[in-house]
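start_17.cif (mmCIF, C-alpha atoms)
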```cif
data_target
#
loop_
_atom_site.label_atom_id
_atom_site.label_comp_id
_atom_site.auth_asym_id
_atom_site.auth_seq_id
_atom_site.Cartn_x
_atom_site.Cartn_y
_atom_site.Cartn_z
CA MET A 1 0.00 0.00 0.00
CA LYS A 2 1.03 3.62 -0.32
CA THR A 3 3.38 4.88 2.34
CA THR A 4 2.58 8.57 1.90
CA LYS A 5 1.57 10.51 4.99
CA PRO A 6 -2.15 10.21 5.77
CA LEU A 7 -4.10 13.26 4.60
CA GLY A 8 -6.36 14.89 7.13
CA LEU A 9 -6.73 15.70 10.79
CA PRO A 10 -7.67 13.46 13.72
CA THR A 11 -11.32 13.60 14.74
CA ARG A 12 -12.26 14.12 18.36
CA GLY A 13 -12.62 10.36 18.38
CA LYS A 14 -15.38 9.93 20.94
CA THR A 15 -18.47 8.03 19.91
CA ALA A 16 -21.36 6.22 21.51
CA SER A 17 -22.32 2.62 20.96
CA ASN A 18 -24.78 2.28 18.07
CA ARG A 19 -24.39 5.93 17.13
CA LEU A 20 -24.34 4.93 13.46
CA ARG A 21 -26.85 2.08 13.63
CA ARG A 22 -29.45 4.04 11.65
CA VAL A 23 -26.84 4.83 9.01
CA ASP A 24 -26.08 1.13 8.58
CA ASN A 25 -29.76 0.20 8.62
CA PHE A 26 -30.40 2.79 5.95
CA ILE A 27 -27.75 1.25 3.67
CA LEU A 28 -29.20 -2.21 4.29
CA ARG A 29 -32.57 -0.96 3.08
CA TYR A 30 -31.34 1.40 0.37
CA GLU A 31 -29.02 -0.95 -1.52
CA PRO A 32 -28.35 -4.32 0.12
CA SER A 33 -27.04 -5.61 -3.23
CA LEU A 34 -24.05 -3.30 -2.87
CA LEU A 35 -23.00 -5.31 0.17
CA THR A 36 -23.61 -8.69 -1.43
CA ARG A 37 -22.15 -8.14 -4.92
CA THR A 38 -19.48 -10.67 -5.88
CA ASP A 39 -19.18 -9.94 -9.60
CA GLY A 40 -15.78 -8.90 -10.94
CA LEU A 41 -13.81 -6.66 -8.63
CA PHE A 42 -16.68 -6.48 -6.15
CA ALA A 43 -15.81 -9.99 -5.00
CA ASP A 44 -13.12 -8.75 -2.62
CA SER A 45 -13.91 -5.03 -2.39
CA PHE A 46 -14.03 -3.31 0.98
CA PHE A 47 -16.54 -1.49 3.08
CA ILE A 48 -14.53 1.40 4.56
CA ASP A 49 -15.29 2.94 7.95
CA LEU A 50 -13.35 6.20 7.77
CA GLY A 51 -12.40 7.87 11.05
CA TYR A 52 -13.77 5.34 13.53
CA GLY A 53 -12.32 7.09 16.58
CA PHE A 54 -10.66 6.11 19.87
CA ASP A 55 -11.94 2.55 19.70
CA PRO A 56 -13.21 0.43 16.80
CA ARG A 57 -16.76 -0.02 18.01
CA THR A 58 -18.41 1.56 14.93
CA THR A 59 -16.40 -0.68 12.61
CA LEU A 60 -17.18 -3.81 14.61
CA GLU A 61 -20.86 -2.91 14.93
CA SER A 62 -21.08 -2.43 11.16
CA ALA A 63 -19.30 -5.73 10.59
CA ALA A 64 -21.94 -7.52 12.65
CA ARG A 65 -24.81 -5.85 10.75
CA PHE A 66 -23.47 -6.08 7.23
CA ARG A 67 -22.23 -9.65 7.55
CA ARG A 68 -25.77 -10.81 8.17
CA VAL A 69 -26.26 -10.32 4.41
CA ASN A 70 -22.67 -11.05 3.34
CA PRO A 71 -20.65 -13.18 5.78
CA ASN A 72 -17.53 -12.73 3.64
CA LEU A 73 -17.61 -8.93 3.40
CA PRO A 74 -14.10 -7.41 3.78
CA ILE A 75 -14.17 -4.45 6.16
CA LEU A 76 -11.49 -1.85 6.79
CA GLY A 77 -11.44 0.70 9.59
CA VAL A 78 -9.22 3.68 8.74
CA GLU A 79 -7.81 6.11 11.31
CA ILE A 80 -5.28 8.90 11.02
CA ASP A 81 -4.11 8.44 14.62
CA LYS A 82 -1.58 5.60 15.04
CA GLU A 83 -2.49 4.99 18.68
CA ARG A 84 -6.12 4.41 17.65
CA VAL A 85 -5.03 1.94 14.98
CA ASP A 86 -2.78 0.09 17.44
CA ALA A 87 -5.65 -0.11 19.93
CA ALA A 88 -7.93 -1.61 17.27
CA LEU A 89 -5.54 -4.24 15.91
CA PRO A 90 -6.40 -6.89 18.54
CA TYR A 91 -9.91 -6.93 17.05
CA ALA A 92 -8.68 -7.63 13.52
CA ASP A 93 -9.28 -10.95 11.80
CA ARG A 94 -9.21 -12.45 8.33
CA LEU A 95 -11.93 -10.11 7.04
CA THR A 96 -11.69 -7.18 9.45
CA HIS A 97 -8.71 -4.86 9.15
CA PHE A 98 -7.50 -1.62 10.70
CA ARG A 99 -4.96 0.62 9.01
CA LEU A 100 -3.37 4.03 9.41
CA GLY A 101 -4.68 6.43 6.79
CA GLY A 102 -6.69 9.49 5.86
CA PHE A 103 -8.49 10.73 2.76
CA ASN A 104 -5.73 8.98 0.82
CA LEU A 105 -7.01 5.56 1.77
CA PRO A 106 -4.34 2.99 2.76
CA LEU A 107 -5.05 0.59 -0.09
CA GLN A 108 -3.10 -0.96 -2.93
CA PRO A 109 -4.01 0.97 -6.10
CA ARG A 110 -5.79 -0.54 -9.08
CA ILE A 111 -5.47 0.53 -12.70
CA PHE A 112 -9.16 1.01 -13.42
CA ASP A 113 -8.80 1.89 -17.10
CA LYS A 114 -7.24 -1.53 -17.79
CA ILE A 115 -9.66 -3.62 -15.80
CA GLU A 116 -11.67 -6.32 -17.55
CA THR A 117 -14.99 -7.69 -16.37
CA LYS A 118 -13.26 -10.74 -14.95
CA GLY A 119 -10.61 -8.71 -13.19
CA ALA A 120 -11.39 -9.74 -9.63
CA GLY A 121 -7.92 -11.22 -9.29
CA GLN A 122 -6.06 -8.14 -10.46
CA ALA A 123 -3.43 -6.63 -8.18
CA GLY A 124 -4.54 -3.94 -5.79
CA GLU A 125 -7.56 -3.30 -3.57
CA SER A 126 -10.89 -1.65 -4.23
CA VAL A 127 -13.89 -0.22 -2.38
CA ARG A 128 -17.63 -0.77 -2.72
CA LEU A 129 -18.84 1.49 0.11
CA ILE A 130 -17.38 4.28 2.25
CA ARG A 131 -18.99 5.58 5.39
CA ALA A 132 -17.47 8.88 6.50
CA PHE A 133 -19.43 10.30 9.42
CA ASN A 134 -18.53 13.22 11.65
CA VAL A 135 -15.24 13.59 9.74
CA LEU A 136 -15.53 16.50 7.30
CA ARG A 137 -17.45 18.70 9.73
CA GLN A 138 -14.15 19.89 11.30
CA TYR A 139 -12.71 21.07 7.96
CA GLU A 140 -13.13 24.25 5.96
CA GLU A 141 -15.58 24.12 3.08
CA MET A 142 -12.73 24.51 0.61
CA ASP A 143 -11.43 21.12 1.79
CA PHE A 144 -14.65 19.31 0.89
CA ALA A 145 -14.10 18.72 -2.84
CA PRO A 146 -10.40 17.73 -2.51
CA ALA A 147 -11.31 15.20 0.19
CA TYR A 148 -13.96 13.67 -2.07
CA GLU A 149 -11.48 13.51 -4.95
CA ARG A 150 -8.90 11.61 -2.89
CA LEU A 151 -11.50 9.20 -1.52
CA ALA A 152 -12.62 8.40 -5.06
CA GLU A 153 -9.32 6.79 -6.07
CA HIS A 154 -10.20 3.24 -4.99
CA VAL A 155 -13.99 3.20 -5.38
CA LEU A 156 -15.44 0.93 -8.04
CA PRO A 157 -17.92 2.29 -10.58
CA GLY A 158 -21.32 1.81 -8.99
CA GLY A 159 -19.80 2.14 -5.52
CA LEU A 160 -21.27 4.48 -2.96
CA MET A 161 -20.19 6.89 -0.24
CA ILE A 162 -22.45 8.01 2.58
CA GLU A 163 -20.89 11.08 4.20
CA GLY A 164 -22.42 13.34 6.79
CA THR A 165 -22.88 14.37 10.39
CA SER A 166 -24.91 13.02 13.27
CA THR A 167 -25.84 14.09 16.77
CA PRO A 168 -23.74 12.46 19.54
CA PHE A 169 -26.13 9.54 19.99
CA GLY A 170 -27.31 9.28 16.39
CA GLN A 171 -30.86 10.54 16.94
CA LEU A 172 -30.52 12.90 13.97
CA TRP A 173 -28.23 12.86 10.96
CA VAL A 174 -27.98 14.27 7.47
CA ALA A 175 -25.79 12.72 4.80
CA ASN A 176 -24.76 12.99 1.18
CA LEU A 177 -25.10 9.88 -0.95
CA ALA A 178 -22.44 10.03 -3.66
CA ARG A 179 -22.23 7.45 -6.46
CA MET A 180 -19.07 6.60 -8.40
CA THR A 181 -19.61 6.82 -12.16
CA VAL A 182 -17.84 4.89 -14.93
CA GLU A 183 -16.00 8.15 -15.68
CA ARG A 184 -14.40 7.88 -12.20
CA LYS A 185 -16.29 10.89 -10.84
CA TRP A 186 -18.63 11.28 -7.89
CA LYS A 187 -22.26 12.04 -8.72
CA MET A 188 -24.40 13.32 -5.87
CA GLU A 189 -27.37 10.96 -5.74
CA ALA A 190 -29.33 12.16 -2.74
CA LEU A 191 -29.33 14.14 0.48
CA VAL A 192 -30.76 12.01 3.30
CA PHE A 193 -32.34 13.33 6.51
CA SER A 194 -32.82 10.87 9.36
CA THR A 195 -34.59 11.03 12.72
CA ASN A 196 -35.64 8.42 15.26
CA PHE A 197 -38.05 11.02 16.75
CA ARG A 198 -36.49 10.83 20.21
CA MET A 199 -35.66 14.54 19.99
CA GLY A 200 -39.14 15.39 18.77
CA PHE A 201 -39.60 16.75 15.26
CA GLU A 202 -38.17 20.20 14.65
CA ILE A 203 -36.85 20.88 11.17
CA THR A 204 -34.40 23.49 12.44
CA ASP A 205 -32.61 20.72 14.39
CA PHE A 206 -31.43 19.22 11.11
CA GLN A 207 -29.55 22.40 10.21
CA ALA A 208 -26.89 21.73 12.85
CA VAL A 209 -25.99 18.37 11.27
CA LEU A 210 -26.01 19.32 7.60
CA PRO A 211 -22.94 18.06 5.68
CA LYS A 212 -20.06 20.45 5.11
CA ASN A 213 -21.13 21.31 1.55
CA HIS A 214 -24.52 22.54 2.82
CA ILE A 215 -24.17 23.80 6.38
CA HIS A 216 -22.77 27.21 5.42
CA HIS A 217 -25.37 27.75 2.69
CA VAL A 218 -28.54 28.03 4.73
CA VAL A 219 -28.94 31.62 3.53
CA ALA A 220 -31.48 33.20 1.23
CA GLY A 221 -31.02 32.29 -2.41
CA GLU A 222 -29.27 28.96 -1.78
CA PRO A 223 -31.01 25.67 -2.69
CA ILE A 224 -30.61 24.17 0.78
CA PHE A 225 -32.11 27.29 2.35
CA GLU A 226 -35.11 27.16 0.02
CA PHE A 227 -35.53 23.46 0.76
CA MET A 228 -35.46 23.94 4.52
CA GLN A 229 -37.89 26.88 4.32
CA ALA A 230 -40.28 24.89 2.14
CA TRP A 231 -40.14 21.98 4.60
CA LYS A 232 -40.88 24.32 7.50
CA ARG A 233 -43.93 25.63 5.62
CA SER A 234 -45.02 22.09 4.88
CA ALA A 235 -44.67 21.14 8.56
CA ALA A 236 -46.82 24.11 9.55
CA GLU A 237 -49.44 23.26 6.94
CA THR A 238 -49.67 19.65 8.13
CA SER A 239 -49.41 20.32 11.88
CA PRO A 240 -52.89 18.83 12.59
CA ALA A 241 -51.28 15.43 11.81
CA LYS A 242 -49.27 15.88 15.00
CA ALA A 243 -52.32 14.66 16.90
CA PHE A 244 -51.68 11.19 15.45
CA GLY A 245 -48.00 11.16 16.41
CA LEU A 246 -44.67 12.53 15.25
CA LYS A 247 -44.17 9.85 12.60
CA GLN A 248 -47.48 10.71 10.99
CA TRP A 249 -46.67 14.42 11.09
CA PHE A 250 -43.22 13.79 9.60
CA SER A 251 -44.73 11.76 6.76
CA ALA A 252 -47.41 14.34 6.06
CA SER A 253 -44.88 17.18 6.02
CA VAL A 254 -42.64 15.33 3.56
CA GLU A 255 -45.57 14.50 1.27
CA SER A 256 -46.52 18.18 1.32
CA LEU A 257 -42.93 19.11 0.53
CA ALA A 258 -42.91 16.75 -2.46
CA ALA A 259 -46.09 18.42 -3.71
CA LYS A 260 -44.10 21.67 -3.84
CA GLY A 261 -41.92 20.14 -6.55
CA TYR A 262 -39.05 18.48 -4.65
CA LYS A 263 -37.92 15.04 -5.83
CA ILE A 264 -38.46 12.97 -2.73
CA ASP A 265 -38.89 9.22 -2.33
CA LEU A 266 -42.34 8.90 -0.76
CA ARG A 267 -42.34 5.17 -0.11
CA LYS A 268 -43.62 4.25 3.34
CA LYS A 269 -40.51 2.18 4.10
CA TRP A 270 -38.62 5.49 4.28
CA LEU A 271 -41.14 7.95 5.70
CA GLY A 272 -42.46 5.53 8.31
CA LYS A 273 -38.93 5.06 9.66
CA GLY A 274 -38.01 8.74 9.73
CA TRP A 275 -35.97 9.01 6.54
CA LEU A 276 -36.37 11.75 3.97
CA ILE A 277 -34.50 11.06 0.72
CA TRP A 278 -34.16 14.17 -1.44
CA ASN A 279 -32.98 12.91 -4.81
CA GLN A 280 -30.48 15.25 -6.45
#
```
Once more with this new file: its structure as structure tokens, please.
Amino acid sequence: MKTTKPLGLPTRGKTASNRLRRVDNFILRYEPSLLTRTDGLFADSFFIDLGYGFDPRTTLESAARFRRVNPNLPILGVEIDKERVDAALPYADRLTHFRLGGFNLPLQPRIFDKIETKGAGQAGESVRLIRAFNVLRQYEEMDFAPAYERLAEHVLPGGLMIEGTSTPFGQLWVANLARMTVERKWKMEALVFSTNFRMGFEITDFQAVLPKNHIHHVVAGEPIFEFMQAWKRSAAETSPAKAFGLKQWFSASVESLAAKGYKIDLRKKWLGKGWLIWNQ
């Protein structure tokens, strides 16, 4: 693997057990086939947990969830702090790895433009899914695009990154879903809002956990501002649904928001569980 210095800064590192459970459960509902694919290079491609923190609990929790659908899924926890990597190594096994790295992921490179369909045995390592949570929030906005570009280097076409910010116990989170194209570029697929309703239902609460590319743009004239304002209006218009519970009010507000022209997935399997998927 590359021996260049890891790119990035250490996160605060503290996390709660099951903080990212709803993120994992979302992926399991959104695209379980991404975790189970064994065609071509996907056969041995990694799920990457980027910036797992002081201990590897998020990586190990994800391993337990994702391996219910793919017992042979390779998983790699990546940390920029050597002490955190050393502390995690006792938990490593044949399919679970921990390595020192940053946005320049610590993987053997592949030559994607020379890969054939049957190239699963080619030299190098590849990625099917990256989860990067509570990582980019500490950076300047100008660092957002370069970080995405470096993370793209090992991701297979069709691969996915879910990147965002959550509250300390995971009650609320907002994340970008970015898809890798055949041209080796990220394409923003959706912006996902998630709540388990334990903090109530206040749309303004989501603003504090918007991803780095949105959080500084909640100002008049910006798309994310207009979206949030429209959702607030929709919540006010559907407030009588509150009498039937927060989940019902959430669903009604999102359906009203979609009626205003926003491309939102209105299937009950999302709204009933507190997920709003705004397709980009």
Exercise. What does the PyMOL selection byres ((chain A and resi 175) around 6) select in this file, as a list of chain:residue names?
Worked result: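 Answer for the PyMOL selection byres ((chain A and resi 175) around 6): A:Glu163, A:Gly164, A:Val174, A:Asn176, A:Leu191, A:Val192.
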Problem set entry | Atomic distance atom CA of A:Val69 - atom CA of A:Trp275, expressed in Å with one decimal |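 Result for atom CA of A:Val69 versus atom CA of A:Trp275: 21.7 Å, one decimal.
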Seminar exercise, completed: Atom pair atom CA of A:Ala258 + atom CA of A:Ser234, distance 9.3 Å
For this session: Using all atoms listed in the file, find the one residue out of A:Lys263, A:Arg67, A:His217, A:Arg131 that sits nearest to A:Phe26.
Result: A:Arg131
Exercise. Expressed in Å to a single decimal, how great is the separation between atom CA of A:Phe244 and atom CA of A:Gln171?
Worked result: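 Taking atom CA of A:Phe244 as the start and atom CA of A:Gln171 as the end point, the length is 20.9 Å.
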Problem set entry | Neighbour list for A:Ile48 as a ChimeraX atom specification, cut-off 9 Å, all atoms listed in the file, skip fewer than 6 positions in-chain | /A:59,74-78,127-132
Between stretch 136-163 of chain A and stretch 95-105 of chain A, at 12 Å or less, what are the per-residue closest atom pairs and their distances in Å? Count all atoms listed in the file, order by chain and rising residue number, and return it as CSV.
```
residue,atom,partner,partner_atom,distance
A:Leu136,CA,A:Phe103,CA,10.2
A:Asp143,CA,A:Phe103,CA,10.8
A:Phe144,CA,A:Phe103,CA,10.7
A:Ala145,CA,A:Phe103,CA,11.3
A:Pro146,CA,A:Phe103,CA,9.0
A:Ala147,CA,A:Phe103,CA,5.9
A:Tyr148,CA,A:Phe103,CA,7.9
A:Glu149,CA,A:Phe103,CA,8.7
A:Arg150,CA,A:Asn104,CA,5.5
A:Leu151,CA,A:Phe103,CA,5.5
A:Ala152,CA,A:Asn104,CA,9.1
A:Glu153,CA,A:Asn104,CA,8.1
A:His154,CA,A:Leu105,CA,7.8
A:Val155,CA,A:Leu105,CA,10.3
```
For this session: Run the PyMOL selection byres ((chain A and resi 84) around 12) on the file and write out the hits as a VMD selection string.
Result: chain A and resid 10 to 14 51 to 57 77 to 83 85 to 91 98 to 101
Exercise. Could you write out as a VMD selection string the residues that the PyMOL selection byres ((chain A and resi 36) around 12) matches in the shown file?
Worked result: chain A and resid 27 to 28 31 to 35 37 to 39 42 to 47 66 to 74 128 to 129
